[in-house]
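Just below is one structure, and these are the notes that go with it.
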Amino acid sequence: MPRRRPPRPIGRAGNPAHRARWLLLLVVVALVAVTLRLVQLQVVSAGEYAARGLRQRLHTLPIPAERGTVFDRNGNELAMSVRQSTVYADPSMIEDPVATAAVLAPVLAMDQAALEAKLRQQGSFVYLARKVADDVAARVEELDLVGIGLQEESKRFRPNGDLAASVLGNVDVDDEGVSGIELELDDTLSGEPGEMLLERGADGRTIAGGERRLTPANPGDDLVLTIDRSLQYEVERGLAEQIVASNALGGTVVVMEPSTGEILAMANLEQTPEGPKPTSDNRAVTAVYEPGSVNKVITVAGALEEGIVSPSTGFDVPDRMPVSIHVFSDHDPHPPTRWSVSDIVTTSSNIGTIMVAQKLGAERVDSYLRRFGLGQPTGLGFPNESNGIMLDLDEWTGTSIGSIPIGQGIAVNALQMLGVYNTLANDGVFVPPRLVRATVDADGKEHRVEPGEGRRVVSARTAEQVTEMLANVVAVGTGVNAAIPGYTVAGKTGTARKPSTTERGYVKGAYIATFAGFVPAENPRLSAIVVLDEPHPYYASLSSAPVFARITKYALRQFRVPPPPAVIATDEAPPAQAPGLEVRD
């Protein structure tokens, strides 16, 4: 058997010529691979890599939209935006976050570790300090730090301080409305943001002639409110002084034009250790309370409208009367007295009103309460507005026919109750309230906001009859302190117990005092409601009625409302009270 030839060794022990051929083959393969890679990079993927490099050099800066200005009805600024600098960083350009934070933190009054964490974030944009003071912005600019920049943003500013603050509301750091008108009409005010696209080099400098693309921001629309700045100031001042004088917890005032539903002033104040301050929310629509005797006009209007009584219909009215398991009483003891419906309103008799309500019946009492707007949205559309509290008719108890007609056992907001008096002032027609007269777009074109559609609640005759009774309340009844020399005022007092928020029943000795009315009674131009939370004395005739007189007297001058010709002859206030009547409620 022949011997097999051993294999030829390769490697260092192999044939040199053979080894050379192998090396040459490896070189050729490597050159082909490199060539193919270069072809891929320079021909096939050149666009992709160029685009990637460009993306690394491009930086997008947001451009916030200018928020619209809020004006009063006369063009005075109530809320506006001013330009301030915001400090930002491009973390991708910051080589030494520790050193940068150490230099920048003292200028921005920031914690150095927190600032360093921001500088280490992923991405090319992060806010460091929003809307800083001008001197801070100047110091940041002087540092000239790579990756740190300034951009302009708008900061909301109220040039009149806290005037109408609870109505205007607030915005957050991003200029988005969080309360009040700023929230309700945020979409109208905010506009559309834009952006700036810049191309920067590795040193953070903008490349001259590089990519630059601007998408401009579209500013928001301006608002023209129905508020009168001067009247708003006088209302807040008068309310604040009465809160202090009566040691009240707070108060609300709304002044309106009944025929259009325009709100001329709306103030909400609360007592603080520093004195009366605006509430954080608009309590004229968000807070509810039991209205008391100001609610009696609904019962009387319903009975007149149904033809059950006339202003002269008489009742033998005692000072106490049981209704189911509860005994109701008038404010002041009196023997059984023959009073007309007009007398019952003038004296604010609880018992007389209950007797009228019993003739009207529970179903129709409930119906008229709702027709006048209680338990319903006011139509203003304000954020967090309350509809009030109304029992369904099947939830009424035996005493409800006694308590509800006199304004206890239900809850309203102040604007709802003023709407009742506006309806009477407006010949029985309810007109929805409104705070905005117009919007103004970026081109300066004004777009008027038309009044809401009215709805008839009672006849003009019923409204006229109730108005005559309310004028008598101010002339000789419980509302004499709301009188204005030279004008006939129509209005009603209401002093109601304050429900407890922690347990069933009422807070002992705590009352809400209300006066609501309109002027001139013959041709109403202005209406107002004054609500005081736990004033001392608590009677509305002594606490809320004088504030009504003060603010409406100013408003009559402000809007140049002349006194009716028949009243001009006398410039003296009506008698202090009707003979034999105690001025209370």
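Note on naming: chains are A, B, ... as they come in the structure tokens, residues start from 1 per chain, ligands start from 1 in the order shown.
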
Would you give me, as a count of residues only, the residues in region 248-434 of chain A that DSSP reads as helix (DSSP H, G or I)?
68

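The neighbours of region 98-101 of chain A here are the residues that come within 6 Å of it, using only C-alpha atoms and leaving out any residue fewer than 3 positions away in the same chain; they are Leu104, Ala105, Gln112, Leu115 and Glu116 of chain A.
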
Would you mind listing what lies within 6 Å of region 458-460 of chain A as a list in words, with only C-alpha atoms counted and same-chain residues fewer than 2 positions away left out?
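Everything that qualifies: Asp427, Gly428, Arg456, Thr462 and Ala463 of chain A.
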
If we count only C-alpha atoms and set the cut-off at 9 Å, which residues sit around Ser293 (chain A), ignoring sequence neighbours fewer than 6 positions away in its own chain? Please answer as a PDB file with N, CA and C atoms, in the first residue's frame.
ATOM      1  N   SER A 348     -92.113  93.806  55.338  1.00  0.00           N
ATOM      2  CA  SER A 348     -91.361  92.555  55.219  1.00  0.00           C
ATOM      3  C   SER A 348     -91.879  91.504  56.195  1.00  0.00           C
ATOM      4  N   SER A 349     -93.192  91.352  56.215  1.00  0.00           N
ATOM      5  CA  SER A 349     -93.820  90.409  57.135  1.00  0.00           C
ATOM      6  C   SER A 349     -93.628  88.971  56.659  1.00  0.00           C
ATOM      7  N   ASN A 350     -93.015  88.163  57.509  1.00  0.00           N
ATOM      8  CA  ASN A 350     -92.881  86.739  57.196  1.00  0.00           C
ATOM      9  C   ASN A 350     -94.250  86.060  57.136  1.00  0.00           C
ATOM     10  N   PRO A 405     -90.900  80.405  50.711  1.00  0.00           N
ATOM     11  CA  PRO A 405     -91.368  81.708  50.215  1.00  0.00           C
ATOM     12  C   PRO A 405     -90.699  82.900  50.884  1.00  0.00           C
ATOM     13  N   ILE A 406     -90.187  82.721  52.117  1.00  0.00           N
ATOM     14  CA  ILE A 406     -89.519  83.843  52.785  1.00  0.00           C
ATOM     15  C   ILE A 406     -88.001  83.747  52.666  1.00  0.00           C
ATOM     16  N   GLY A 407     -87.522  82.867  51.787  1.00  0.00           N
ATOM     17  CA  GLY A 407     -86.096  82.849  51.466  1.00  0.00           C
ATOM     18  C   GLY A 407     -85.224  82.011  52.358  1.00  0.00           C
ATOM     19  N   GLN A 408     -85.818  81.043  53.072  1.00  0.00           N
ATOM     20  CA  GLN A 408     -85.029  80.102  53.870  1.00  0.00           C
ATOM     21  C   GLN A 408     -85.262  78.702  53.306  1.00  0.00           C
ATOM     22  N   LYS A 492     -85.445  95.977  48.273  1.00  0.00           N
ATOM     23  CA  LYS A 492     -85.915  95.135  49.377  1.00  0.00           C
ATOM     24  C   LYS A 492     -84.744  94.676  50.226  1.00  0.00           C
ATOM     25  N   THR A 493     -84.977  94.653  51.525  1.00  0.00           N
ATOM     26  CA  THR A 493     -83.996  94.128  52.471  1.00  0.00           C
ATOM     27  C   THR A 493     -84.193  92.624  52.671  1.00  0.00           C
ATOM     28  N   GLY A 494     -83.147  91.981  53.157  1.00  0.00           N
ATOM     29  CA  GLY A 494     -83.239  90.570  53.503  1.00  0.00           C
ATOM     30  C   GLY A 494     -82.195  90.206  54.533  1.00  0.00           C
ATOM     31  N   THR A 495     -82.621  89.700  55.665  1.00  0.00           N
ATOM     32  CA  THR A 495     -81.704  89.263  56.720  1.00  0.00           C
ATOM     33  C   THR A 495     -82.002  87.803  57.004  1.00  0.00           C
ATOM     34  N   ALA A 496     -81.058  86.939  56.660  1.00  0.00           N
ATOM     35  CA  ALA A 496     -81.303  85.497  56.749  1.00  0.00           C
ATOM     36  C   ALA A 496     -80.275  84.820  57.632  1.00  0.00           C
ATOM     37  N   THR A 514     -78.739  91.330  53.087  1.00  0.00           N
ATOM     38  CA  THR A 514     -78.809  91.640  51.654  1.00  0.00           C
ATOM     39  C   THR A 514     -79.735  92.814  51.396  1.00  0.00           C
ATOM     40  N   ASP A 585     -84.941  94.066  59.252  1.00  0.00           N
ATOM     41  CA  ASP A 585     -84.875  93.122  58.135  1.00  0.00           C
ATOM     42  C   ASP A 585     -83.793  93.485  57.140  1.00  0.00           C
TER      43      ASP A 585
END

Could you tell me which of A:Gln416, A:Thr397, A:Thr502, A:Thr488 comes closest to Thr552 (chain A) if we count only C-alpha atoms?
A:Thr488

Could you pull the residues within 9 Å of Gly509 (chain A), counting only C-alpha atoms, minus those fewer than 4 positions along the same chain, as an mmCIF file with N, CA and C atoms, in the first residue's frame?
data_model
loop_
_atom_site.group_PDB
_atom_site.id
_atom_site.type_symbol
_atom_site.label_atom_id
_atom_site.label_comp_id
_atom_site.auth_asym_id
_atom_site.auth_seq_id
_atom_site.Cartn_x
_atom_site.Cartn_y
_atom_site.Cartn_z
ATOM 1 N N ARG A 497 -80.729 83.803 58.346
ATOM 2 C CA ARG A 497 -79.805 83.013 59.157
ATOM 3 C C ARG A 497 -78.792 82.304 58.266
ATOM 4 N N LYS A 498 -77.617 82.088 58.808
ATOM 5 C CA LYS A 498 -76.523 81.492 58.044
ATOM 6 C C LYS A 498 -76.424 80.003 58.358
ATOM 7 N N GLU A 534 -72.176 88.160 57.879
ATOM 8 C CA GLU A 534 -72.112 88.352 59.330
ATOM 9 C C GLU A 534 -71.721 89.776 59.736
ATOM 10 N N TYR A 538 -76.638 93.072 62.350
ATOM 11 C CA TYR A 538 -76.848 92.164 61.234
ATOM 12 C C TYR A 538 -78.045 92.527 60.362
#

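Checking A:Glu274, A:Glu234, A:Asp186, A:Asp392 one by one against Asp221 (chain A), counting only C-alpha atoms, you find the shortest gap at A:Asp186.
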
Expressed in Å, the length from CA of His334 (chain A) to CA of Ile401 (chain A) is 22.3 Å

Region 388-390 of chain A: which residues within 8 Å, counting only C-alpha atoms, same-chain residues fewer than 5 positions away excluded, as a ChimeraX atom specification?
/A:288,374-376,410-413

Please, could you write that set of residues out with C-alpha atoms as a PDB file, in the first residue's frame?
ATOM      1  CA  VAL A 288     -74.458  80.479  47.613  1.00  0.00           C
ATOM      2  CA  LEU A 374     -83.330  80.264  40.851  1.00  0.00           C
ATOM      3  CA  GLY A 375     -81.727  76.851  40.596  1.00  0.00           C
ATOM      4  CA  GLN A 376     -80.700  77.660  36.998  1.00  0.00           C
ATOM      5  CA  ILE A 410     -83.091  77.460  49.424  1.00  0.00           C
ATOM      6  CA  ALA A 411     -79.750  78.886  48.325  1.00  0.00           C
ATOM      7  CA  VAL A 412     -78.852  81.361  45.591  1.00  0.00           C
ATOM      8  CA  ASN A 413     -75.811  83.210  44.357  1.00  0.00           C
TER       9      ASN A 413
END

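With CA of Thr501 (chain A) on one side and CA of Asn282 (chain A) on the other, the separation reads 19.5 Å.
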
Quick one: of A:Ile351, A:Leu542, A:Ala357, A:Ala549, who's nearest to Pro333 (chain A), counting only C-alpha atoms?
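Of A:Ile351, A:Leu542, A:Ala357, A:Ala549, the one nearest Pro333 (chain A), counting only C-alpha atoms, is A:Ile351.
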
Strand (DSSP E) positions in region 217-344 of chain A, given as a tab-separated table (two decimals) with C-alpha atoms, in the first residue's frame:
chain	number	residue	atom	x	y	z
A	222	ASP	CA	-58.33	91.84	23.24
A	223	LEU	CA	-61.44	91.93	25.41
A	224	VAL	CA	-63.59	94.94	26.17
A	225	LEU	CA	-65.53	94.25	29.35
A	250	GLY	CA	-66.74	89.76	53.85
A	251	GLY	CA	-69.17	90.90	51.20
A	252	THR	CA	-70.24	90.99	47.57
A	253	VAL	CA	-71.62	93.79	45.41
A	254	VAL	CA	-72.89	93.61	41.82
A	255	VAL	CA	-74.05	96.64	39.83
A	256	MET	CA	-75.82	96.14	36.50
A	257	GLU	CA	-77.78	97.77	33.71
A	262	GLU	CA	-74.31	94.44	31.39
A	263	ILE	CA	-72.39	94.07	34.65
A	264	LEU	CA	-70.95	97.49	35.50
A	265	ALA	CA	-69.13	96.44	38.67
A	266	MET	CA	-68.63	93.17	40.52
A	267	ALA	CA	-66.72	93.10	43.81
A	268	ASN	CA	-65.93	90.26	46.20
A	269	LEU	CA	-63.98	91.05	49.37
A	270	GLU	CA	-63.10	89.11	52.51
A	277	LYS	CA	-58.91	91.84	50.24
A	278	PRO	CA	-60.34	90.41	47.01
A	314	GLY	CA	-106.09	92.39	52.72
A	315	PHE	CA	-104.93	89.73	55.19
A	316	ASP	CA	-105.37	89.58	58.97
A	317	VAL	CA	-101.75	89.00	59.84
A	320	ARG	CA	-96.86	84.11	64.85
A	321	MET	CA	-98.28	81.19	62.90
A	322	PRO	CA	-97.71	77.43	62.99
A	323	VAL	CA	-96.96	75.69	59.70
A	326	HIS	CA	-92.76	74.75	63.06
A	327	VAL	CA	-94.00	78.09	64.36
A	328	PHE	CA	-92.98	81.02	62.15
A	329	SER	CA	-92.89	84.59	63.42
A	337	THR	CA	-103.18	93.48	61.91
A	338	ARG	CA	-105.12	94.00	58.70
A	339	TRP	CA	-102.41	94.44	56.07
A	340	SER	CA	-102.67	94.65	52.32

From the list A:Asp343, A:Asp144, A:Glu192, A:Asp134, which residue is nearest Ala217 (chain A) when using only C-alpha atoms?
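For Ala217 (chain A), the nearest of the candidates is A:Glu192.
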
Considering only C-alpha atoms, state which residue in the set A:Val136, A:Val171, A:Ala513, A:Ala102 is at the smallest distance from Leu185 (chain A).
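When distances to Leu185 (chain A) are compared using only C-alpha atoms, the smallest one comes from A:Val171.
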
Work out how far apart CA of Gly292 (chain A) and CA of Glu363 (chain A) are and give it in Å to one decimal.
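Here the two named atoms are 19.9 Å from each other.
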
Could you check which of A:Gly275, A:Gly149, A:Gly409, A:Pro106 is closest to Ser85 (chain A), using only C-alpha atoms?
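Ranked by minimum distance to Ser85 (chain A), first place goes to A:Gly149.
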